[in-house]
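A.B. asks: Here you go, this is structure39.csv (CSV, C-alpha atoms).
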chain,number,residue,atom,x,y,z
A,243,SER,CA,-61.9,84.2,-44.3
A,244,PRO,CA,-59.3,83.5,-41.6
A,245,PRO,CA,-60.7,82.3,-38.3
A,246,SER,CA,-60.9,84.6,-35.4
A,247,PRO,CA,-58.7,84.1,-32.4
A,248,ASN,CA,-61.7,83.0,-30.2
A,249,GLN,CA,-63.1,80.6,-32.8
A,250,PRO,CA,-62.0,76.9,-32.5
A,251,LEU,CA,-60.1,75.3,-35.2
A,252,PRO,CA,-62.0,72.9,-37.4
A,253,PHE,CA,-61.4,69.2,-36.3
A,254,PRO,CA,-63.0,66.1,-37.7
A,255,SER,CA,-65.5,64.2,-35.7
A,256,ARG,CA,-63.4,61.0,-35.6
A,257,TYR,CA,-59.7,61.2,-35.3
A,258,THR,CA,-57.7,58.6,-37.1
A,259,ALA,CA,-54.0,58.0,-36.4
A,260,PRO,CA,-51.7,58.4,-39.3
A,261,PRO,CA,-50.4,55.1,-40.7
A,262,LEU,CA,-47.2,53.7,-39.2
A,263,PRO,CA,-44.3,52.5,-41.1
A,264,SER,CA,-44.0,48.8,-41.9
A,265,ALA,CA,-41.3,48.1,-39.2
A,266,ALA,CA,-43.4,49.9,-36.5
A,267,MET,CA,-46.5,47.9,-37.5
A,268,GLY,CA,-44.5,44.6,-37.1
A,269,LEU,CA,-43.4,45.5,-33.5
A,270,ARG,CA,-47.0,46.5,-32.5
A,271,ASP,CA,-48.4,43.2,-33.8
A,272,MET,CA,-45.8,41.2,-31.9
A,273,PHE,CA,-46.5,43.2,-28.7
A,274,ASN,CA,-50.3,42.6,-29.1
A,275,LYS,CA,-49.8,39.0,-29.8
A,276,ASP,CA,-47.6,38.4,-26.7
A,277,LYS,CA,-50.1,40.3,-24.6
A,278,LYS,CA,-53.0,38.2,-25.8
A,279,GLU,CA,-51.1,34.9,-25.2
A,280,LYS,CA,-50.2,36.1,-21.7
A,281,GLU,CA,-53.9,36.9,-20.9
A,282,LYS,CA,-54.9,33.5,-22.3
A,283,ARG,CA,-52.5,31.7,-20.0
A,284,GLU,CA,-53.6,33.7,-17.0
A,285,ASN,CA,-57.3,33.0,-17.6
A,286,SER,CA,-56.9,29.3,-18.5
A,287,PRO,CA,-57.4,26.8,-15.6
A,288,LYS,CA,-54.2,25.5,-14.1
A,289,ALA,CA,-53.3,21.9,-15.0
A,290,THR,CA,-53.5,19.5,-12.1
A,291,PRO,CA,-51.1,16.5,-11.9
A,292,ALA,CA,-52.4,13.0,-12.5
A,293,SER,CA,-51.9,12.0,-8.9
A,294,SER,CA,-54.2,14.8,-7.6
A,295,THR,CA,-57.0,13.8,-9.9
A,296,SER,CA,-56.8,10.2,-8.7
A,297,GLY,CA,-57.1,11.4,-5.1
A,298,GLY,CA,-53.5,10.8,-4.0
A,299,ALA,CA,-51.2,13.5,-2.6
A,300,ALA,CA,-48.9,15.4,-5.0
A,301,PRO,CA,-45.4,13.9,-5.1
A,302,ALA,CA,-43.1,15.8,-2.8
A,303,ARG,CA,-40.3,17.7,-4.5
A,304,ALA,CA,-36.9,16.1,-3.7
A,305,PRO,CA,-34.7,18.5,-1.8
A,306,VAL,CA,-31.7,19.8,-3.6
A,307,ALA,CA,-28.5,18.7,-1.9
A,308,PRO,CA,-26.0,21.4,-1.3
A,309,PRO,CA,-22.8,21.1,-3.3
A,310,ALA,CA,-20.2,18.9,-1.7
A,311,PRO,CA,-17.2,20.7,-0.4
A,312,PRO,CA,-13.9,20.2,-2.3
A,313,LYS,CA,-12.1,17.1,-1.2
A,314,ALA,CA,-8.9,17.8,0.8
A,315,PRO,CA,-5.7,16.6,-0.8
A,316,PRO,CA,-3.7,14.0,1.1
A,317,VAL,CA,-1.4,15.2,3.8
A,318,ALA,CA,1.7,13.7,2.2
A,319,GLU,CA,1.0,15.6,-1.1
A,320,VAL,CA,0.5,18.9,0.8
A,321,ILE,CA,3.8,18.4,2.7
A,322,ARG,CA,5.6,17.6,-0.6
A,323,LYS,CA,4.3,20.8,-2.2
A,324,GLN,CA,5.3,22.9,0.8
A,325,ARG,CA,8.8,21.5,0.8
A,326,GLU,CA,9.1,22.3,-2.9
A,327,ARG,CA,8.0,25.8,-2.2
A,328,ILE,CA,10.5,26.2,0.7
A,329,ALA,CA,13.3,25.1,-1.6
A,330,ILE,CA,12.3,27.7,-4.2
A,331,MET,CA,12.1,30.4,-1.5
A,332,GLU,CA,15.6,29.5,-0.3
A,333,LYS,CA,16.9,30.0,-3.9
A,334,ASN,CA,15.2,33.3,-4.1
A,335,GLU,CA,16.7,34.4,-0.7
A,336,ASN,CA,20.2,33.5,-2.0
A,337,TYR,CA,19.6,35.4,-5.2
A,338,ILE,CA,18.4,38.5,-3.3
A,339,ALA,CA,21.4,38.3,-0.9
A,340,ALA,CA,23.7,38.2,-3.9
A,341,GLN,CA,22.0,41.3,-5.3
A,342,MET,CA,22.4,43.1,-2.0
A,343,GLU,CA,26.1,42.3,-2.0
A,344,GLN,CA,26.4,43.7,-5.5
A,345,GLU,CA,24.6,46.9,-4.6
A,346,THR,CA,26.9,47.4,-1.6
A,347,THR,CA,30.0,46.9,-3.9
A,348,LYS,CA,28.6,49.4,-6.4
A,349,ALA,CA,27.9,52.0,-3.6
A,350,LYS,CA,31.5,51.6,-2.4
A,351,ALA,CA,32.8,52.1,-5.9
A,352,TYR,CA,30.6,55.3,-6.4
A,353,LEU,CA,31.8,56.7,-3.1
A,354,ALA,CA,35.4,56.1,-4.2
A,355,LYS,CA,34.6,58.2,-7.3
A,356,GLY,CA,32.8,60.9,-5.3
A,357,ASP,CA,29.4,60.1,-6.8
A,358,LYS,CA,27.2,60.2,-3.8
A,359,ARG,CA,24.0,60.3,-5.8
A,360,ASN,CA,24.5,56.9,-7.4
A,361,ALA,CA,25.9,55.6,-4.1
A,362,THR,CA,22.7,56.6,-2.4
A,363,MET,CA,20.6,54.9,-5.1
A,364,CYS,CA,22.5,51.7,-4.6
A,365,LEU,CA,21.9,51.9,-0.9
A,366,LYS,CA,18.2,52.4,-1.5
A,367,LYS,CA,18.0,49.4,-3.7
A,368,LYS,CA,19.9,47.4,-1.0
A,369,LYS,CA,17.3,48.5,1.6
A,370,ALA,CA,14.4,47.4,-0.7
A,371,LEU,CA,16.1,44.1,-1.4
A,372,GLU,CA,16.6,43.7,2.4
A,373,GLY,CA,12.9,44.1,2.9
A,374,GLN,CA,12.1,41.5,0.3
A,375,LEU,CA,14.6,39.2,1.9
A,376,ASN,CA,13.0,39.6,5.4
A,377,ASN,CA,9.6,38.9,4.0
A,378,LEU,CA,10.8,35.8,2.2
A,379,THR,CA,12.5,34.6,5.3
A,380,ASN,CA,9.4,35.0,7.5
A,381,THR,CA,7.2,33.3,4.9
A,382,ARG,CA,9.6,30.4,4.6
A,383,PHE,CA,9.7,30.1,8.4
A,384,ASN,CA,5.9,30.0,8.5
A,385,LEU,CA,5.9,27.3,5.9
A,386,GLU,CA,8.4,25.2,7.8
A,387,GLN,CA,6.4,25.6,11.0
A,388,GLN,CA,3.3,24.4,9.1
A,389,VAL,CA,5.2,21.4,7.7
A,390,MET,CA,6.2,20.4,11.2
A,391,THR,CA,2.7,20.9,12.5
A,392,LEU,CA,1.3,18.7,9.6
A,393,GLN,CA,3.8,16.0,10.3
A,394,SER,CA,3.0,16.0,14.0
A,395,ALA,CA,-0.7,15.9,13.3
A,396,SER,CA,-0.3,13.1,10.8
A,397,SER,CA,1.7,11.1,13.3
A,398,ASN,CA,-0.9,11.8,16.0
A,399,LYS,CA,-3.6,10.6,13.7
A,400,ASP,CA,-1.7,7.4,12.9
A,401,THR,CA,-1.3,6.8,16.6
A,402,VAL,CA,-5.0,7.4,17.3
A,403,ASP,CA,-5.9,5.0,14.5
A,404,VAL,CA,-3.6,2.3,15.9
A,405,LEU,CA,-5.1,2.9,19.4
A,406,ASN,CA,-8.6,2.7,17.9
A,407,GLU,CA,-7.8,-0.6,16.2
A,408,GLY,CA,-6.4,-2.0,19.5
A,409,ASN,CA,-9.6,-1.0,21.3
A,410,GLN,CA,-11.7,-2.7,18.7
A,411,ALA,CA,-9.6,-5.9,19.0
A,412,LEU,CA,-10.0,-5.7,22.8
A,413,ASN,CA,-13.7,-5.2,22.6
A,414,LYS,CA,-14.0,-8.1,20.2
A,415,ILE,CA,-12.0,-10.4,22.6
A,416,HIS,CA,-14.0,-9.2,25.6
A,417,ALA,CA,-17.2,-9.9,23.8
A,418,GLU,CA,-16.1,-13.6,23.4
A,419,ILE,CA,-14.7,-13.9,27.0
A,420,SER,CA,-16.6,-12.7,30.1
A,421,VAL,CA,-15.9,-12.9,33.8
A,422,GLU,CA,-18.4,-15.7,34.2
A,423,LYS,CA,-16.7,-17.8,31.5
A,424,VAL,CA,-13.3,-17.3,33.2
A,425,ASP,CA,-14.8,-18.3,36.6
A,426,ASP,CA,-16.2,-21.4,35.0
A,427,VAL,CA,-12.9,-22.3,33.4
A,428,MET,CA,-11.0,-21.8,36.6
A,429,ALA,CA,-13.5,-23.9,38.6
A,430,ASN,CA,-13.3,-26.7,36.0
A,431,MET,CA,-9.5,-26.6,36.1
A,432,GLU,CA,-9.5,-26.8,39.9
A,433,ASP,CA,-11.8,-29.8,39.7
A,434,ALA,CA,-9.7,-31.5,37.1
A,435,MET,CA,-6.5,-30.9,39.2
A,436,ALA,CA,-8.2,-32.4,42.2
A,437,ASP,CA,-9.3,-35.5,40.2
A,438,ALA,CA,-5.7,-35.8,38.9
A,439,ASN,CA,-4.3,-35.8,42.4
A,440,ASP,CA,-6.8,-38.4,43.6
A,441,ILE,CA,-5.9,-40.6,40.7
A,442,GLN,CA,-2.2,-40.1,41.4
A,443,GLN,CA,-2.6,-41.1,45.0
A,444,ALA,CA,-4.7,-44.1,44.1
A,445,LEU,CA,-2.1,-45.3,41.6
A,446,GLY,CA,0.7,-44.8,44.3
A,447,GLN,CA,-0.9,-47.3,46.7
A,448,THR,CA,0.7,-50.8,47.1
A,449,VAL,CA,-1.4,-53.7,45.9
A,450,MET,CA,-0.8,-57.2,47.3
A,451,GLY,CA,-3.0,-60.2,47.2
A,452,GLY,CA,-5.7,-58.4,45.5
A,453,GLN,CA,-6.1,-56.0,48.4
A,454,TYR,CA,-4.9,-52.4,48.8
A,455,ILE,CA,-2.4,-51.8,51.6
A,456,ASP,CA,-2.7,-48.6,53.4
A,457,ASP,CA,0.7,-46.8,53.8
A,458,ASP,CA,-0.4,-45.0,56.9
A,459,GLU,CA,-1.1,-48.3,58.7
A,460,LEU,CA,2.4,-49.6,57.7
A,461,LEU,CA,4.1,-46.4,59.0
A,462,ALA,CA,2.2,-46.7,62.3
A,463,GLU,CA,3.3,-50.4,62.7
A,464,LEU,CA,6.9,-49.5,61.8
A,465,GLY,CA,6.9,-46.9,64.6
A,466,GLU,CA,5.7,-49.4,67.1
A,467,LEU,CA,8.6,-51.8,66.1
A,468,GLU,CA,11.2,-49.0,66.5
A,469,GLY,CA,9.9,-48.3,70.0
A,470,LEU,CA,10.2,-51.9,71.0
A,471,ASN,CA,13.8,-52.1,69.7
A,472,MET,CA,14.8,-49.0,71.7
A,473,GLU,CA,13.3,-50.5,74.9
A,474,GLU,CA,15.3,-53.7,74.4
A,475,LYS,CA,18.5,-51.8,73.9
A,476,LEU,CA,18.1,-49.8,77.0
A,477,SER,CA,17.3,-52.8,79.2
A,478,ALA,CA,20.3,-54.8,77.9
A,479,GLY,CA,22.9,-51.9,78.5
A,480,PRO,CA,25.9,-50.8,76.4
A,481,ALA,CA,28.0,-53.6,74.9
A,482,ILE,CA,31.6,-53.6,76.2
A,483,PRO,CA,34.3,-55.4,74.3
A,484,GLY,CA,35.8,-58.5,76.2
A,485,ALA,CA,32.9,-58.5,78.7
A,486,VAL,CA,31.4,-61.8,79.7
A,487,PRO,CA,27.7,-62.0,79.2
A,488,GLY,CA,25.8,-61.9,82.5
A,489,LYS,CA,28.9,-60.7,84.5
A,490,GLN,CA,28.8,-57.3,86.0
A,491,VAL,CA,31.6,-55.0,84.8
A,492,PRO,CA,33.2,-52.9,87.5
A,493,ALA,CA,33.0,-49.2,87.0
A,494,LYS,CA,36.2,-47.1,86.5
A,495,ALA,CA,37.6,-45.3,89.5
A,496,ALA,CA,36.9,-41.7,89.3
A,497,LYS,CA,40.0,-39.3,89.0
A,498,PRO,CA,40.8,-37.3,92.1
A,499,LYS,CA,39.8,-33.7,91.9
A,500,MET,CA,42.9,-31.4,91.6
A,501,SER,CA,43.2,-28.2,93.6
A,502,GLU,CA,43.8,-24.8,92.0
A,503,GLU,CA,47.5,-24.9,93.1
A,504,ASP,CA,48.0,-28.3,91.7
A,505,GLU,CA,46.5,-27.2,88.3
A,506,LEU,CA,48.7,-24.1,88.3
A,507,ALA,CA,51.8,-26.2,89.0
A,508,ALA,CA,50.9,-28.7,86.2
A,509,LEU,CA,50.4,-25.8,83.8
A,510,GLU,CA,53.8,-24.4,84.7
A,511,ALA,CA,55.4,-27.8,84.3
A,512,SER,CA,53.9,-28.2,80.8
A,513,LEU,CA,55.2,-24.8,79.8
A,514,GLY,CA,58.7,-25.6,81.0
A,515,MET,CA,58.8,-22.8,83.7
In structure tokens, write the structure found in this file.
C.D. replies:
Amino acid sequence: SPPSPNQPLPFPSRYTAPPLPSAAMGLRDMFNKDKKEKEKRENSPKATPASSTSGGAAPARAPVAPPAPPKAPPVAEVIRKQRERIAIMEKNENYIAAQMEQETTKAKAYLAKGDKRNATMCLKKKKALEGQLNNLTNTRFNLEQQVMTLQSASSNKDTVDVLNEGNQALNKIHAEISVEKVDDVMANMEDAMADANDIQQALGQTVMGGQYIDDDELLAELGELEGLNMEEKLSAGPAIPGAVPGKQVPAKAAKPKMSEEDELAALEASLGM
């Protein structure tokens, strides 16, 4: 008889799942196997390094160095590439300028034919080319400015390197020469010059009879002799030619003093007045 609506449906005491297809069974087995291996790894004791079992500290992990920045190219190579680019941009500017001239010529020709539409299109192309030309010109100017800046910076670097080399050379020289050493050298030189002067003076003295003759004593004696000669000349009087020795020479008669009138008359006579 059919079951009533309130009567429960017959159900077996133990429910068994229907058998899965072979492909599904393989996936389930793989999943269960991976799960078991994962639980086994989690429950197993962790392996300790050999250094920890021996009582030593575990080796520190070497820090990972950051990647090195890219090496900058040489300044001369950068300047060469920029100059090549500037030359290419100049050619492009000349080409665009020629196209602008062509568009202007076309617009004039269309206007002469009364075709304003095509003339307007030519002018629009010219304006677009003019914008490109301005951008190229500004970019080329920026490159030229950068080239000049790089050249100046490179020259400044070379100058700084030369100055640094000069400072290093000076420091090396100053490490070998100090103020105390210079003072010692100057003192030794002064002593040597004094000894040389003493030796020169000793060699300049006159030697006679195995004895040194002092030049100062000779000069003093020579001065005394000159004084005696002067006294003798003064006592003897001036020598007069034709005078008899021991006889007194009469003095010349003094000229009479002329008056002012006589001097004036003599002057007029000498002038023939």
A.B. asks: Hey, which of A:Leu365, A:Leu412, A:Ile338, A:Ile441 ends up closest to Asn377 of chain A? Count all atoms listed in the file.
C.D. replies: A:Ile338
A.B. asks: Counting only C-alpha atoms, which residues have an atom no more than 12 Å from (12.6, 45.7, -0.7) in the file's coordinates? Please list them as a list in words.
C.D. replies: Ile338, Ala339, Gln341, Met342, Leu365, Lys366, Lys367, Lys368, Lys369, Ala370, Leu371, Glu372, Gly373, Gln374, Leu375, Asn376, Asn377 and Leu378 of chain A
A.B. asks: To one decimal in Å, tell me the separation between atom CA of Ile330 of chain A and atom CA of Ala395 of chain A.
C.D. replies: 24.8 Å
A.B. asks: Atom CA of Val317 of chain A and atom CA of Gln387 of chain A are how many Å apart?
C.D. replies: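 Computing it gives 14.9 Å between the two atoms.
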A.B. asks: Could you work out how far atom CA of Thr362 of chain A lies from atom CA of Glu343 of chain A, giving the answer in Å with one decimal?
C.D. replies: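 Calculated distance between atom CA of Glu343 of chain A and atom CA of Thr362 of chain A is 14.7 Å.
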A.B. asks: Around segment 335-342 of chain A, fit a box with edges along x, y and z, padding it by 5 Å on each side, then list its centre and edge lengths in Å to one decimal as JSON.
C.D. replies:
{"center_x": 20.2, "center_y": 38.3, "center_z": -3.0, "size_x": 17.0, "size_y": 19.6, "size_z": 14.6}
